[in-house]
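Since the structure comes first, as structure tokens, the remarks are kept for the end.
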Amino acid sequence: MAKITIDNLRHAYISEPTRDEHYALKRVHLDWADGGAYALLGPSGCGKTTLLNLISGLLHPSEGRILFDGKDVTMETPEARNIAQVFQFPVIYDTMTVYDNLAFPLRNRGVDEAEIKKRVSAIAEMLELTATLSHRASGLTADGKQKISLGRGLVRDDVNVIMFDEPLTVIDPHLKWQLRSKLKELQQRIKRTMIYVTHDQTEALTFAEQVVVMNNGEVVQTGTPIELFERPMHTFVGHFIGSPGMNLLPCEVKGGAAFVSGKQVPAANAKKAKSGRKLELGVRPEFVRFANKGLPADVVRVSDIGRYRVVETRVNGTPVKLVVGEDTEVPVGKAHLVFDATHTQIYSDGWLVGSRP
Ligand code: ATP
């Protein structure tokens with residue numbers, strides 16, 4: 001296993017890039033610890049696959065370096081990097097048995113049969129494939145085949161990193177959560193460096209200790225699931241993570257205090273905000289509540305989500321959502337909103353005020 005350093009990496013698919021927008025990956029700098037569980041999360045086209053292909057060696061960057069345990073591997077082939085990859089669609093040999101499929105990466109490297117048996121049995125056990133080991137892979141369902149793919153990624157113990165590229169796309173929705181928790185359990189048990197690429201926040205947040213959120217060829221924040229929830233560094237993270245996402249209201253700052261529609265509202269970082277830029281107040285629906293006094297709002301819709309309700313309001317035309325308990329009394333028509341001061345932050349041109357030097 002290896003510590004991975006992504007050192008000022010840039011990548012453009014065109015030959016002579018001159019402007020930032022020519023780069024699919026604008027500039028990425030990351031340090032990933034040996035044995036850590038990481039997720040690359042972002043919408044389609046944000047550069048996740050490009051970054052993954054640069055790490056695996058399928059692509060060479062326009063600029064920057066990739067280091068495994070301090071050794072520069074930027075120009076090395078995928079084979080030399082010693083990486084295991086699990087793709088979106090299962091890559092297996094249909095005519096072989098499940099056992100032989102799992103044994104394949106080990107036989108390829110000349111591991112002796114007794115050791116192979118030990119490792120294949122352990123992986124099959126973890127993935128609940130033991131009963132099917134002697135079956136032909138062709139007879140399995142799409143879920144079963146993807147489990148073999150996962151097993152082949154996990155069976156070697158000499159790889160530098162295991163990378164998963166949207167591995168649960170073909171999995172039946174009701175089995176997804178099961179495999180998701182299985183993978184997390186496996187990662188904790190075998191402690192390999194793993195990188196999991198997905199556009200699905202639930203998958204990223206369940207699997208990873210650290211989630212790298214990407215947008216538009218850039219890393220906008222790296223953090224634990226709690227950090228991303230409680231302190232989004234960028235409005236994109238606030239909006240992309242959470243269900244529903246963070247509320248954003250246009251605001252002004254005067255004398256170190258924040259104002260929304262002319263009314264003062266508490267914000268943890270108001271003193272650091274400077275006027276003259278696009279300022280927005282960000283607060284998650286979980287940190288807004290109804291009160292007798294506060295910001296005037298109109299209640300427009302209430303949706304029952306099961307254990308809680310989502311209430312949609314408008315503050316001077318701006319949508320503001322609240323997540324409230326089943327027993328909360330929701331006003332009809334006119335209401336007043338109060339924001340939790342420690343979880344209300346000001347964003348300047350999209351970035352959390354005070355978070356950048
Ligand atoms: P998805 O989840 O849809 O796979 P992604 O986050 O993995 O998206 P990338 O596939 O890395 O994003 O694409 C990043 C940008 O680079 C996009 O604008 C895409 O159109 C562009 N791009 C990707 N591959 C190529 C290529 N081979 N040639 C030219 N442009 C490319």
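Naming scheme: A, B, ... for chains in displayed order of the structure tokens; residues 1 onward per chain; ligands 1 onward as shown.
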- Pick out the residues no farther than 12 Å from ligand 1, counting only C-alpha atoms and all ligand atoms, and list them as a PyMOL selection string. chain A and resi 10-15+21-26+40-54+58-59+87-88+165-166+169+196-200+213-219
Exercise for review: Might you pull out every residue within 8 Å of Leu127 of chain A, with only C-alpha atoms counted and same-chain residues fewer than 5 positions away left off, and present them as number ranges by chain?
Suggested key: A: 147, 151, 182
One residue among A:Leu279, A:Leu248, A:Ala335, A:Val299 is nearest to Tyr347 of chain A when using only C-alpha atoms, and that residue is A:Leu279
Which residues are close to Tyr93 of chain A, i.e. within 12 Å by only C-alpha atoms, leaving aside same-chain residues fewer than 2 positions away? Reply as an NGL selection string. :A and (90-91 or 95-105 or 136-140 or 145-146 or 148-149 or 152)
- Of the candidates A:Gly57, A:Val265, A:Leu205, A:Asp94, which one gets nearest to Asp340 of chain A if we count only C-alpha atoms?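 The answer is A:Val265, which sits nearest to Asp340 of chain A.
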*Counting only C-alpha atoms, what is within 6 Å of segment 62-78 of chain A, bar same-chain residues fewer than 4 positions away, as a ChimeraX atom specification?*
/A:2-11,56-57
Any chance you could list, as a PyMOL selection string, the residues in segment 24-237 of chain A that come up helix (DSSP H, G or I) when DSSP is run on the backbone?
chain A and resi 48-56+78-81+98-107+113-126+130-132+137-139+142-154+173-190+201-207+225-230+235-237
Just want the 10 Å neighbourhood of Asn292 of chain A, counted on only C-alpha atoms, with same-chain residues fewer than 3 positions away dropped. Output as a compact mmCIF listing (two decimals) with N, CA, C and O atoms, in the first residue's frame.
```txt
# COMPACT_ATOMS: atom_id res chain seq x y z
N LEU A 295 -37.00 36.36 10.68
CA LEU A 295 -37.07 36.76 9.28
C LEU A 295 -38.45 36.40 8.71
O LEU A 295 -38.84 35.22 8.74
N PRO A 296 -39.22 37.39 8.20
CA PRO A 296 -40.55 37.07 7.67
C PRO A 296 -40.45 36.15 6.45
O PRO A 296 -39.59 36.33 5.59
N ALA A 335 -44.98 33.27 8.23
CA ALA A 335 -44.18 32.65 9.30
C ALA A 335 -42.95 33.52 9.57
O ALA A 335 -42.68 34.48 8.84
N HIS A 336 -42.23 33.17 10.64
CA HIS A 336 -40.94 33.82 10.91
C HIS A 336 -39.88 32.75 11.09
O HIS A 336 -40.14 31.71 11.70
N LEU A 337 -38.70 33.03 10.53
CA LEU A 337 -37.62 32.04 10.59
C LEU A 337 -36.46 32.53 11.44
O LEU A 337 -36.13 33.71 11.43
N VAL A 338 -35.84 31.59 12.14
CA VAL A 338 -34.63 31.88 12.91
C VAL A 338 -33.56 30.89 12.48
O VAL A 338 -33.84 29.71 12.28
```
Practice prompt. Run DSSP on the backbone and give me the residues of segment 162-201 of chain A it puts in strand (DSSP E or B), as a PyMOL selection string.
Written response: chain A and resi 162-165+194-198
